[in-house]
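As provided, structure20.txt (compact mmCIF, C-alpha atoms) reads as follows.
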# COMPACT_ATOMS: atom_id res chain seq x y z
CA MET A 5 51.49 -16.15 4.38
CA ARG A 6 50.46 -18.21 7.43
CA TYR A 7 53.73 -20.18 7.36
CA ALA A 8 55.69 -16.95 7.04
CA LEU A 9 53.88 -15.46 10.03
CA ALA A 10 54.47 -18.62 12.11
CA GLY A 11 58.17 -18.68 11.23
CA ALA A 12 58.56 -14.95 11.92
CA SER A 13 56.90 -15.34 15.32
CA ALA A 14 59.33 -18.15 16.23
CA VAL A 15 62.36 -16.10 15.15
CA ALA A 16 61.04 -13.06 17.06
CA ALA A 17 60.58 -15.21 20.19
CA LEU A 18 64.15 -16.51 19.90
CA LEU A 19 65.51 -12.98 19.47
CA LEU A 20 63.55 -11.86 22.53
CA ARG A 21 65.07 -14.77 24.51
CA GLU A 22 68.49 -13.64 23.33
CA VAL A 23 67.81 -10.09 24.50
CA LEU A 24 66.59 -11.36 27.88
CA GLY A 25 69.55 -13.70 28.20
CA PRO A 26 71.31 -11.69 30.96
CA ALA A 27 68.15 -11.86 33.05
CA PHE A 28 67.33 -15.55 32.49
CA ARG A 29 70.97 -16.76 32.16
CA THR A 30 70.77 -20.53 31.59
CA HIS A 31 67.29 -20.87 33.08
CA TYR A 32 63.89 -20.78 31.35
CA PRO A 33 64.93 -21.33 27.75
CA TYR A 34 61.34 -21.90 26.60
CA HIS A 35 59.58 -18.90 28.19
CA THR A 36 59.53 -16.61 25.17
CA VAL A 37 58.81 -19.25 22.52
CA TRP A 38 55.50 -20.09 24.19
CA LEU A 39 54.25 -16.80 22.75
CA ALA A 40 55.14 -17.94 19.23
CA VAL A 41 53.43 -21.30 19.79
CA VAL A 42 50.22 -19.71 21.09
CA PHE A 43 50.18 -17.14 18.28
CA SER A 44 50.70 -19.79 15.59
CA ALA A 45 48.12 -22.15 17.10
CA TRP A 46 45.49 -19.39 17.38
CA TYR A 47 45.88 -17.61 14.05
CA CYS A 48 47.84 -19.80 11.60
CA GLY A 49 46.62 -23.39 11.84
CA ILE A 50 48.19 -26.81 12.44
CA GLY A 51 50.84 -26.82 9.71
CA PRO A 52 52.23 -23.35 10.46
CA SER A 53 52.14 -24.18 14.21
CA ILE A 54 54.25 -27.31 13.66
CA PHE A 55 56.65 -25.24 11.59
CA SER A 56 56.85 -22.62 14.37
CA ILE A 57 57.48 -25.31 17.01
CA THR A 58 60.21 -26.87 14.86
CA VAL A 59 61.98 -23.52 14.39
CA SER A 60 61.66 -22.79 18.12
CA ILE A 61 63.08 -26.18 19.20
CA ALA A 62 65.94 -25.93 16.71
CA GLY A 63 66.82 -22.44 17.96
CA ILE A 64 66.61 -23.35 21.64
CA TRP A 65 68.51 -26.64 21.10
CA TYR A 66 71.32 -24.83 19.33
CA LEU A 67 71.46 -21.51 21.16
CA PHE A 68 70.18 -21.85 24.71
CA LEU A 69 70.88 -25.44 25.82
CA PRO A 70 74.40 -26.43 26.89
CA PRO A 71 76.72 -27.11 25.25
CA TYR A 72 75.80 -23.88 23.39
CA HIS A 73 76.09 -23.55 19.59
CA SER A 74 76.20 -27.32 19.20
CA LEU A 75 73.63 -29.91 18.20
CA LEU A 76 75.31 -32.78 20.10
CA GLY A 77 76.21 -33.57 23.68
CA LYS A 78 72.90 -32.57 25.25
CA SER A 79 72.09 -34.10 28.64
CA HIS A 80 69.23 -36.41 29.48
CA THR A 81 67.52 -33.56 31.34
CA GLU A 82 67.62 -31.29 28.28
CA VAL A 83 66.11 -34.03 26.11
CA LEU A 84 63.24 -34.50 28.60
CA GLY A 85 62.68 -30.71 28.61
CA VAL A 86 62.37 -30.66 24.83
CA LEU A 87 59.92 -33.59 24.92
CA SER A 88 57.85 -31.81 27.59
CA PHE A 89 57.87 -28.66 25.45
CA LEU A 90 56.64 -30.72 22.48
CA ALA A 91 53.84 -32.29 24.54
CA PHE A 92 52.53 -29.00 25.93
CA SER A 93 52.93 -27.38 22.52
CA ALA A 94 50.81 -30.16 20.99
CA ILE A 95 48.08 -29.49 23.58
CA ILE A 96 48.22 -25.74 22.87
CA VAL A 97 48.04 -26.39 19.12
CA ALA A 98 45.06 -28.73 19.55
CA LEU A 99 43.18 -26.21 21.68
CA GLY A 100 44.06 -23.37 19.34
CA GLU A 101 42.96 -25.32 16.28
CA SER A 102 39.67 -26.21 17.97
CA ASN A 103 39.03 -22.56 18.85
CA ARG A 104 40.10 -21.44 15.41
CA ARG A 105 37.71 -23.87 13.71
CA LEU A 106 34.89 -22.82 16.02
CA ALA A 107 35.61 -19.20 15.16
CA LEU A 108 35.65 -20.02 11.45
CA LYS A 109 32.35 -21.91 11.76
CA ARG A 110 30.80 -19.03 13.67
CA LYS A 111 32.05 -16.56 11.08
CA LYS A 112 30.73 -18.74 8.27
CA ALA A 113 27.37 -19.10 10.03
CA GLU A 114 27.19 -15.32 10.51
CA GLU A 115 28.00 -14.75 6.84
CA GLU A 116 25.35 -17.25 5.79
CA LEU A 117 22.88 -15.61 8.16
CA ARG A 118 23.65 -12.17 6.73
CA ARG A 119 23.34 -13.53 3.20
CA ALA A 120 20.03 -15.20 4.05
CA GLN A 121 18.83 -11.97 5.67
CA THR A 122 19.86 -9.98 2.61
CA GLU A 123 18.06 -12.43 0.33
CA LEU A 124 14.98 -12.32 2.56
CA GLU A 125 14.98 -8.52 2.57
CA GLU A 126 15.31 -8.52 -1.21
CA ARG A 127 12.40 -10.94 -1.50
CA VAL A 128 10.34 -8.80 0.84
CA ARG A 129 11.15 -5.73 -1.26
CA GLN A 130 10.19 -7.59 -4.43
CA ARG A 131 6.97 -8.89 -2.89
CA THR A 132 6.15 -5.44 -1.53
CA ALA A 133 6.77 -3.89 -4.94
CA ALA A 134 4.63 -6.59 -6.55
CA LEU A 135 1.84 -6.01 -4.03
CA GLU A 136 1.98 -2.26 -4.61
CA THR A 137 1.82 -2.87 -8.35
CA MET A 138 -1.15 -5.20 -7.89
CA LYS A 139 -2.90 -2.72 -5.58
CA GLU A 140 -2.32 0.08 -8.08
CA ALA A 141 -3.62 -2.13 -10.88
CA ALA A 142 -6.66 -3.03 -8.76
CA ARG A 143 -7.33 0.65 -8.03
CA ASN A 144 -7.00 1.52 -11.72
CA LEU A 145 -9.31 -1.35 -12.61
CA SER A 146 -11.82 -0.25 -9.97
CA VAL A 147 -11.80 3.29 -11.30
CA ARG A 148 -12.11 2.02 -14.86
CA ILE A 149 -15.09 -0.16 -13.88
CA MET A 150 -16.77 2.77 -12.15
CA ASN A 151 -16.22 4.98 -15.19
CA LEU A 152 -17.67 2.30 -17.44
CA GLN A 153 -20.57 1.93 -15.01
CA ASP A 154 -21.24 5.66 -15.17
CA ASP A 155 -21.11 5.62 -18.97
CA GLU A 156 -23.44 2.63 -19.02
CA ARG A 157 -25.84 4.38 -16.66
CA ARG A 158 -25.76 7.44 -18.87
CA ARG A 159 -26.56 5.35 -21.97
CA ILE A 160 -29.34 3.43 -20.20
CA ALA A 161 -30.84 6.63 -18.82
CA ARG A 162 -30.74 8.26 -22.26
CA GLY A 163 -32.23 5.13 -23.81
CA LEU A 164 -35.07 5.01 -21.29
CA HIS A 165 -35.82 8.68 -21.83
CA ASP A 166 -35.46 8.79 -25.61
CA SER A 167 -37.05 5.46 -26.54
CA LEU A 168 -39.31 3.98 -23.88
CA GLY A 169 -40.31 7.39 -22.58
CA GLN A 170 -41.26 8.58 -26.06
CA TYR A 171 -43.29 5.42 -26.74
CA LEU A 172 -45.16 5.81 -23.45
CA THR A 173 -45.83 9.46 -24.24
CA ALA A 174 -47.22 8.53 -27.66
CA LEU A 175 -49.37 5.81 -26.08
CA LYS A 176 -50.78 8.29 -23.56
CA ILE A 177 -51.63 10.74 -26.34
CA ASN A 178 -53.43 7.99 -28.24
CA LEU A 179 -55.33 6.97 -25.13
CA ASP A 180 -56.37 10.58 -24.55
CA MET A 181 -57.73 10.66 -28.11
CA PHE A 182 -59.48 7.30 -27.72
CA GLY A 183 -63.24 7.76 -27.84
CA ALA A 184 -65.20 5.64 -25.39
CA THR A 185 -68.57 4.25 -26.57
CA GLY A 186 -69.90 3.46 -23.09
CA PRO A 187 -69.31 3.81 -19.37
CA ARG A 188 -67.36 0.54 -19.14
CA GLU A 189 -65.11 1.42 -22.04
CA ALA A 190 -64.55 4.87 -20.56
CA ALA A 191 -63.49 3.34 -17.23
CA VAL A 192 -61.09 0.95 -18.97
CA ALA A 193 -59.63 3.80 -21.00
CA GLU A 194 -59.22 5.91 -17.85
CA GLU A 195 -57.48 3.01 -16.05
CA CYS A 196 -55.15 2.45 -19.00
CA ASN A 197 -54.39 6.16 -19.09
CA SER A 198 -53.53 6.10 -15.36
CA ILE A 199 -51.26 3.05 -15.76
CA VAL A 200 -49.45 4.65 -18.67
CA GLN A 201 -49.03 7.85 -16.64
CA LYS A 202 -47.48 5.87 -13.75
CA CYS A 203 -45.17 4.01 -16.15
CA LEU A 204 -44.11 7.28 -17.70
CA ALA A 205 -43.36 8.82 -14.29
CA GLU A 206 -41.49 5.70 -13.11
CA THR A 207 -39.44 5.59 -16.30
CA ARG A 208 -38.54 9.24 -15.91
CA THR A 209 -37.57 8.70 -12.26
CA ILE A 210 -35.41 5.66 -13.00
CA SER A 211 -33.76 7.47 -15.89
CA HIS A 212 -32.92 10.49 -13.75
CA LEU A 213 -31.65 8.40 -10.84
CA LEU A 214 -29.35 6.43 -13.10
CA HIS A 215 -27.87 9.60 -14.48
CA PRO A 216 -29.70 12.92 -14.05
CA PRO A 217 -29.68 14.98 -17.26
CA LEU A 218 -29.24 18.11 -15.13
CA LEU A 219 -25.72 16.94 -14.22
CA ASP A 220 -24.62 17.23 -17.86
CA GLU A 221 -26.83 20.16 -18.81
CA ALA A 222 -26.70 22.48 -15.79
CA GLY A 223 -23.96 21.09 -13.56
CA PHE A 224 -23.59 19.75 -10.06
CA GLY A 225 -25.58 22.47 -8.33
CA SER A 226 -28.86 21.84 -10.18
CA ALA A 227 -28.48 18.07 -10.08
CA ALA A 228 -27.72 18.12 -6.34
CA ARG A 229 -30.74 20.31 -5.56
CA TRP A 230 -33.02 18.04 -7.60
CA TYR A 231 -31.69 14.89 -5.94
CA VAL A 232 -31.73 16.33 -2.40
CA ASP A 233 -35.33 17.57 -2.78
CA GLY A 234 -36.47 14.17 -3.99
CA PHE A 235 -34.51 12.33 -1.30
CA ALA A 236 -35.91 14.53 1.48
CA GLU A 237 -39.45 13.95 0.19
CA ARG A 238 -38.99 10.16 -0.03
CA SER A 239 -37.08 9.63 3.24
CA GLY A 240 -38.62 12.26 5.50
CA LEU A 241 -35.18 13.51 6.54
CA GLU A 242 -34.45 17.21 6.86
CA VAL A 243 -31.65 17.91 4.36
CA GLU A 244 -29.91 21.30 4.31
CA LEU A 245 -28.03 22.03 1.08
CA ASP A 246 -25.51 24.88 1.24
CA LEU A 247 -24.00 25.73 -2.16
CA PRO A 248 -22.19 28.86 -3.41
CA ALA A 249 -24.57 31.48 -4.78
CA LYS A 250 -22.91 31.38 -8.21
CA LEU A 251 -21.57 27.87 -8.61
CA PRO A 252 -19.47 27.66 -11.82
CA ARG A 253 -19.28 24.61 -14.00
CA LEU A 254 -16.49 22.20 -13.11
CA SER A 255 -14.99 19.30 -15.00
CA ARG A 256 -17.30 16.43 -15.85
CA ASP A 257 -15.35 13.93 -13.69
CA LEU A 258 -15.30 16.28 -10.70
CA GLU A 259 -19.02 17.02 -10.88
CA LEU A 260 -19.82 13.32 -11.28
CA THR A 261 -17.65 12.42 -8.27
CA LEU A 262 -19.32 15.07 -6.12
CA PHE A 263 -22.79 13.92 -7.16
CA ARG A 264 -22.05 10.22 -6.53
CA ALA A 265 -20.59 11.16 -3.12
CA VAL A 266 -23.82 12.95 -2.21
CA GLN A 267 -25.86 9.95 -3.39
CA GLU A 268 -23.79 7.43 -1.41
CA ALA A 269 -23.61 9.56 1.73
CA LEU A 270 -27.35 10.22 1.85
CA THR A 271 -28.08 6.55 1.22
CA ASN A 272 -25.81 5.52 4.12
CA VAL A 273 -27.36 8.14 6.41
CA HIS A 274 -30.87 6.87 5.61
CA ARG A 275 -29.91 3.19 6.07
CA HIS A 276 -27.58 3.21 9.07
CA SER A 277 -27.34 6.46 11.02
CA GLU A 278 -30.87 6.88 12.42
CA SER A 279 -30.38 10.58 11.80
CA SER A 280 -33.10 13.21 11.49
CA TRP A 281 -31.01 15.95 9.92
CA VAL A 282 -28.30 16.14 7.25
CA GLN A 283 -26.23 19.12 6.12
CA ILE A 284 -24.44 19.21 2.76
CA ARG A 285 -22.02 22.08 2.18
CA LEU A 286 -19.81 22.81 -0.83
CA VAL A 287 -16.97 25.34 -0.62
CA LEU A 288 -14.79 26.41 -3.56
CA ASP A 289 -11.65 28.48 -3.77
CA ALA A 290 -9.16 29.11 -6.54
CA THR A 291 -7.40 25.75 -6.17
CA GLN A 292 -9.66 23.20 -4.53
CA VAL A 293 -13.20 22.01 -3.85
CA ARG A 294 -14.36 20.82 -0.42
CA LEU A 295 -17.59 18.89 0.13
CA THR A 296 -18.76 18.30 3.71
CA ILE A 297 -21.71 16.07 4.68
CA CYS A 298 -22.74 15.97 8.36
CA ASP A 299 -25.55 14.23 10.24
CA ASN A 300 -26.71 13.94 13.86
CA GLY A 301 -27.05 10.14 13.91
CA LYS A 302 -25.59 7.47 16.17
CA GLY A 303 -22.20 7.53 14.43
CA ILE A 304 -19.91 4.75 13.24
CA PRO A 305 -18.26 2.30 15.71
CA ALA A 306 -14.55 3.01 16.17
CA GLN A 307 -13.42 -0.41 14.92
CA LYS A 308 -15.53 -0.21 11.79
CA LEU A 309 -14.42 3.38 11.17
CA SER A 310 -10.78 2.27 11.38
CA ARG A 311 -11.40 -0.44 8.76
CA ILE A 312 -13.16 2.10 6.52
CA LEU A 313 -10.30 4.60 6.73
CA GLU A 314 -7.75 1.86 6.02
CA GLY A 315 -9.74 0.71 2.99
CA GLY A 316 -10.38 -2.74 4.48
CA ALA A 317 -13.30 -5.11 4.17
CA GLY A 318 -15.49 -2.92 6.36
CA ALA A 319 -15.40 -0.05 3.90
CA GLY A 320 -18.15 -1.53 1.76
CA VAL A 321 -18.61 -1.18 -1.97
CA GLY A 322 -20.10 2.33 -1.86
CA LEU A 323 -17.51 3.97 0.40
CA GLY A 324 -14.73 2.03 -1.30
CA GLY A 325 -15.86 3.29 -4.68
CA MET A 326 -16.10 6.82 -3.30
CA GLN A 327 -12.52 6.61 -2.01
CA GLU A 328 -11.27 5.37 -5.38
CA ARG A 329 -13.08 8.14 -7.27
CA VAL A 330 -11.65 10.80 -4.98
CA ARG A 331 -8.12 9.32 -5.06
CA GLU A 332 -8.21 9.12 -8.86
CA LEU A 333 -8.76 12.89 -9.01
CA GLY A 334 -5.91 13.55 -6.57
CA GLY A 335 -8.16 14.26 -3.59
CA SER A 336 -8.64 12.94 -0.07
CA LEU A 337 -11.56 11.62 1.96
CA GLN A 338 -11.84 12.05 5.73
CA ILE A 339 -14.48 10.66 8.10
CA GLU A 340 -14.98 11.79 11.69
CA SER A 341 -17.61 10.07 13.80
CA SER A 342 -18.86 9.99 17.39
CA GLY A 343 -22.06 9.25 19.24
CA LYS A 344 -23.37 12.67 18.20
CA GLY A 345 -23.03 12.18 14.45
CA THR A 346 -20.72 11.70 11.49
CA ALA A 347 -18.90 14.20 9.28
CA LEU A 348 -17.57 13.21 5.85
CA THR A 349 -15.20 15.64 4.13
CA ILE A 350 -13.96 15.34 0.55
CA THR A 351 -11.23 17.65 -0.70
CA MET A 352 -10.20 17.65 -4.35
CA PRO A 353 -8.24 19.96 -6.64
CA ARG A 354 -10.44 22.24 -8.68
CA LEU A 355 -10.67 21.11 -12.30
CA GLU A 356 -12.20 23.38 -14.90
CA PRO A 357 -14.46 21.98 -17.64
CA THR A 358 -13.00 21.35 -21.09
CA SER A 359 -15.98 21.43 -23.41
CA VAL A 360 -19.29 20.95 -21.66
CA ALA A 361 -21.39 22.20 -24.57
CA ALA A 362 -20.00 19.63 -26.97
CA GLU A 363 -20.75 16.81 -24.54
CA VAL A 364 -24.31 17.99 -23.99
CA LEU A 365 -25.23 18.77 -27.60
CA PHE A 366 -23.45 15.77 -29.12
CA PRO A 367 -23.42 12.97 -26.51
CA ALA A 368 -21.34 9.87 -27.15
CA THR A 369 -23.08 6.86 -28.60
CA GLU A 370 -22.37 3.21 -27.89
CA ASP A 371 -19.70 3.01 -30.57
CA GLY A 372 -17.82 5.91 -28.96
CA LEU A 373 -18.60 8.47 -31.70
CA ALA A 374 -20.55 11.66 -31.22
CA SER A 375 -24.19 11.59 -32.24
CA SER A 376 -25.27 14.25 -34.70
CA GLU A 377 -28.84 14.27 -33.28
CA PRO A 378 -29.48 16.89 -30.56
CA LEU A 379 -31.30 15.96 -27.37
CA PRO A 380 -35.10 15.93 -27.61
CA GLU A 381 -36.96 18.98 -26.40
CA SER A 382 -38.41 17.09 -23.44
CA ALA A 383 -34.90 16.59 -22.01
CA ALA A 384 -34.17 20.31 -21.87

What's the structure tokens form of this structure?
Amino acid sequence: MRYALAGASAVAALLLREVLGPAFRTHYPYHTVWLAVVFSAWYCGIGPSIFSITVSIAGIWYLFLPPYHSLLGKSHTEVLGVLSFLAFSAIIVALGESNRRLALKRKKAEEELRRAQTELEERVRQRTAALETMKEAARNLSVRIMNLQDDERRRIARGLHDSLGQYLTALKINLDMFGATGPREAAVAEECNSIVQKCLAETRTISHLLHPPLLDEAGFGSAARWYVDGFAERSGLEVELDLPAKLPRLSRDLELTLFRAVQEALTNVHRHSESSWVQIRLVLDATQVRLTICDNGKGIPAQKLSRILEGGAGAGVGLGGMQERVRELGGSLQIESSGKGTALTITMPRLEPTSVAAEVLFPATEDGLASSEPLPESAA
């Protein structure tokens, strides 16, 4: 194809010279064929350019140099003109070939650059997809660990209440029935009775803090009131709890998430905010649940708040776990903070309970099966 183009350009240049013959007469025989030489040198390469020059010289030698239509009898001047044409044509071909090779190298470099860019973009997409998969797996693992932790807390709390609590209760009854034979023995018995009473109260408190029975038996409202009252008494903070007058039962996961959020938020307020007042408000509608916790403390620094909202290292284990719990249920967590206080808002879709009675009356045992023994009367 390149040879055909070079030859066609030479023939076209000769035909153009023939058409312009009346204007040029016997002068300037090479003017039109320069176009063919430049075209061939620029686009076709060395071989096609030599072919184009050969066709051009043959045509000019035969058609436009006297004696016309003859290959012999040319003058010394005509021979020198042909040699000059060959020399300048060689220079044009050399320059054209150099430019053509530079253009080819540039085109090849651009293609390689585009290919490398495409490969890099593909690698970035693959790495991004892999990172998203890993992040999703990490979130699922985090949620799974928190669920296992909640189940473990529930089992430990039930074990403390049903076993150690019952033993301490029996020991206290026996101590109450123990007859003292003297003042010293009576004092020892009274001291033992007091120690057992403290152990019993501490066991009950630890059991309820790990997993309050009210959360399973009566729902979030009762458990939140119990926890808030105890927290206000222990911390000295004024806590205002605003709940709907008739709070219905929600799903077990939703109630647990709301309760853990209240626990974590109040703990952070007590540790970091230097606040004297906290308000907890729960609002329900037909489709969603919104929990808002506000304080009047010193607030969260802007840089740390940004890291918390982005889920970075500054979020901490508690807030990070809260975010994962909320995200797992399809909700969102928002934090607004200034020098006048902090407001934490959790919004989640409303989930109705499936079978609360079955979970309360027949709680799961360690092997995952339902226990046929009802809860003891003291747990009611």

With all atoms listed in the file as the basis for distance, which of A:Ala347, A:Leu145, A:Ala91, A:Ala205 is at the shortest distance from Gly303 in chain A?
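Closest residue, counting all atoms listed in the file: A:Ala347.
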
Enumerate, as a ChimeraX atom specification, the protein, DNA and RNA residues whose atoms approach (-23.4, 20.9, -9.3) to within 9 Å, taking into account only C-alpha atoms and the coordinate frame of the file.
/A:218-219,222-229,247,251-254,259-260,262-263

Which residues are near Leu348 in chain A? Cut-off 7 Å, only C-alpha atoms, ignore same chain within fewer than 5 positions. Put them as number ranges by chain.
A: 296-298, 338-340

Point-to-point distance from CA of Ala17 in chain A to CA of Glu101 in chain A, Å rounded to tenths:
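So the two atoms, CA of Ala17 in chain A and CA of Glu101 in chain A, lie 20.7 Å apart.
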
One number please: CA of Gly324 in chain A to CA of Leu245 in chain A, in Å, one decimal.
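We find that CA of Gly324 in chain A and CA of Leu245 in chain A lie 24.1 Å from each other.
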
For range 51-69 of chain A, supply N, CA and C atoms and report the output as a compact mmCIF listing (two decimals), in the frame of the given file.
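The resulting file, out.txt, is shown below:
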# COMPACT_ATOMS: atom_id res chain seq x y z
N GLY A 51 49.57 -26.77 10.45
CA GLY A 51 50.84 -26.82 9.71
C GLY A 51 51.78 -25.69 10.09
N PRO A 52 51.36 -24.44 10.04
CA PRO A 52 52.23 -23.35 10.46
C PRO A 52 52.64 -23.46 11.93
N SER A 53 51.78 -24.01 12.80
CA SER A 53 52.14 -24.18 14.21
C SER A 53 53.27 -25.20 14.36
N ILE A 54 53.17 -26.31 13.62
CA ILE A 54 54.25 -27.31 13.66
C ILE A 54 55.56 -26.71 13.16
N PHE A 55 55.45 -25.91 12.12
CA PHE A 55 56.65 -25.24 11.59
C PHE A 55 57.24 -24.28 12.64
N SER A 56 56.38 -23.55 13.33
CA SER A 56 56.85 -22.62 14.37
C SER A 56 57.50 -23.37 15.52
N ILE A 57 56.90 -24.51 15.92
CA ILE A 57 57.48 -25.31 17.01
C ILE A 57 58.84 -25.87 16.59
N THR A 58 58.93 -26.32 15.35
CA THR A 58 60.21 -26.87 14.86
C THR A 58 61.30 -25.81 14.88
N VAL A 59 60.99 -24.61 14.37
CA VAL A 59 61.98 -23.52 14.39
C VAL A 59 62.36 -23.16 15.83
N SER A 60 61.39 -23.14 16.72
CA SER A 60 61.66 -22.79 18.12
C SER A 60 62.56 -23.83 18.78
N ILE A 61 62.26 -25.12 18.59
CA ILE A 61 63.08 -26.18 19.20
C ILE A 61 64.50 -26.14 18.65
N ALA A 62 64.60 -25.97 17.32
CA ALA A 62 65.94 -25.93 16.71
C ALA A 62 66.75 -24.76 17.28
N GLY A 63 66.11 -23.60 17.42
CA GLY A 63 66.82 -22.44 17.96
C GLY A 63 67.23 -22.63 19.41
N ILE A 64 66.30 -23.13 20.22
CA ILE A 64 66.61 -23.35 21.64
C ILE A 64 67.68 -24.43 21.80
N TRP A 65 67.53 -25.53 21.03
CA TRP A 65 68.51 -26.64 21.10
C TRP A 65 69.91 -26.15 20.77
N TYR A 66 70.00 -25.27 19.79
CA TYR A 66 71.32 -24.83 19.33
C TYR A 66 71.86 -23.65 20.15
N LEU A 67 70.97 -22.75 20.57
CA LEU A 67 71.46 -21.51 21.16
C LEU A 67 71.41 -21.48 22.69
N PHE A 68 70.41 -22.10 23.29
CA PHE A 68 70.18 -21.85 24.71
C PHE A 68 70.31 -23.09 25.60
N LEU A 69 70.65 -24.24 25.01
CA LEU A 69 70.88 -25.44 25.82
C LEU A 69 72.36 -25.84 25.73
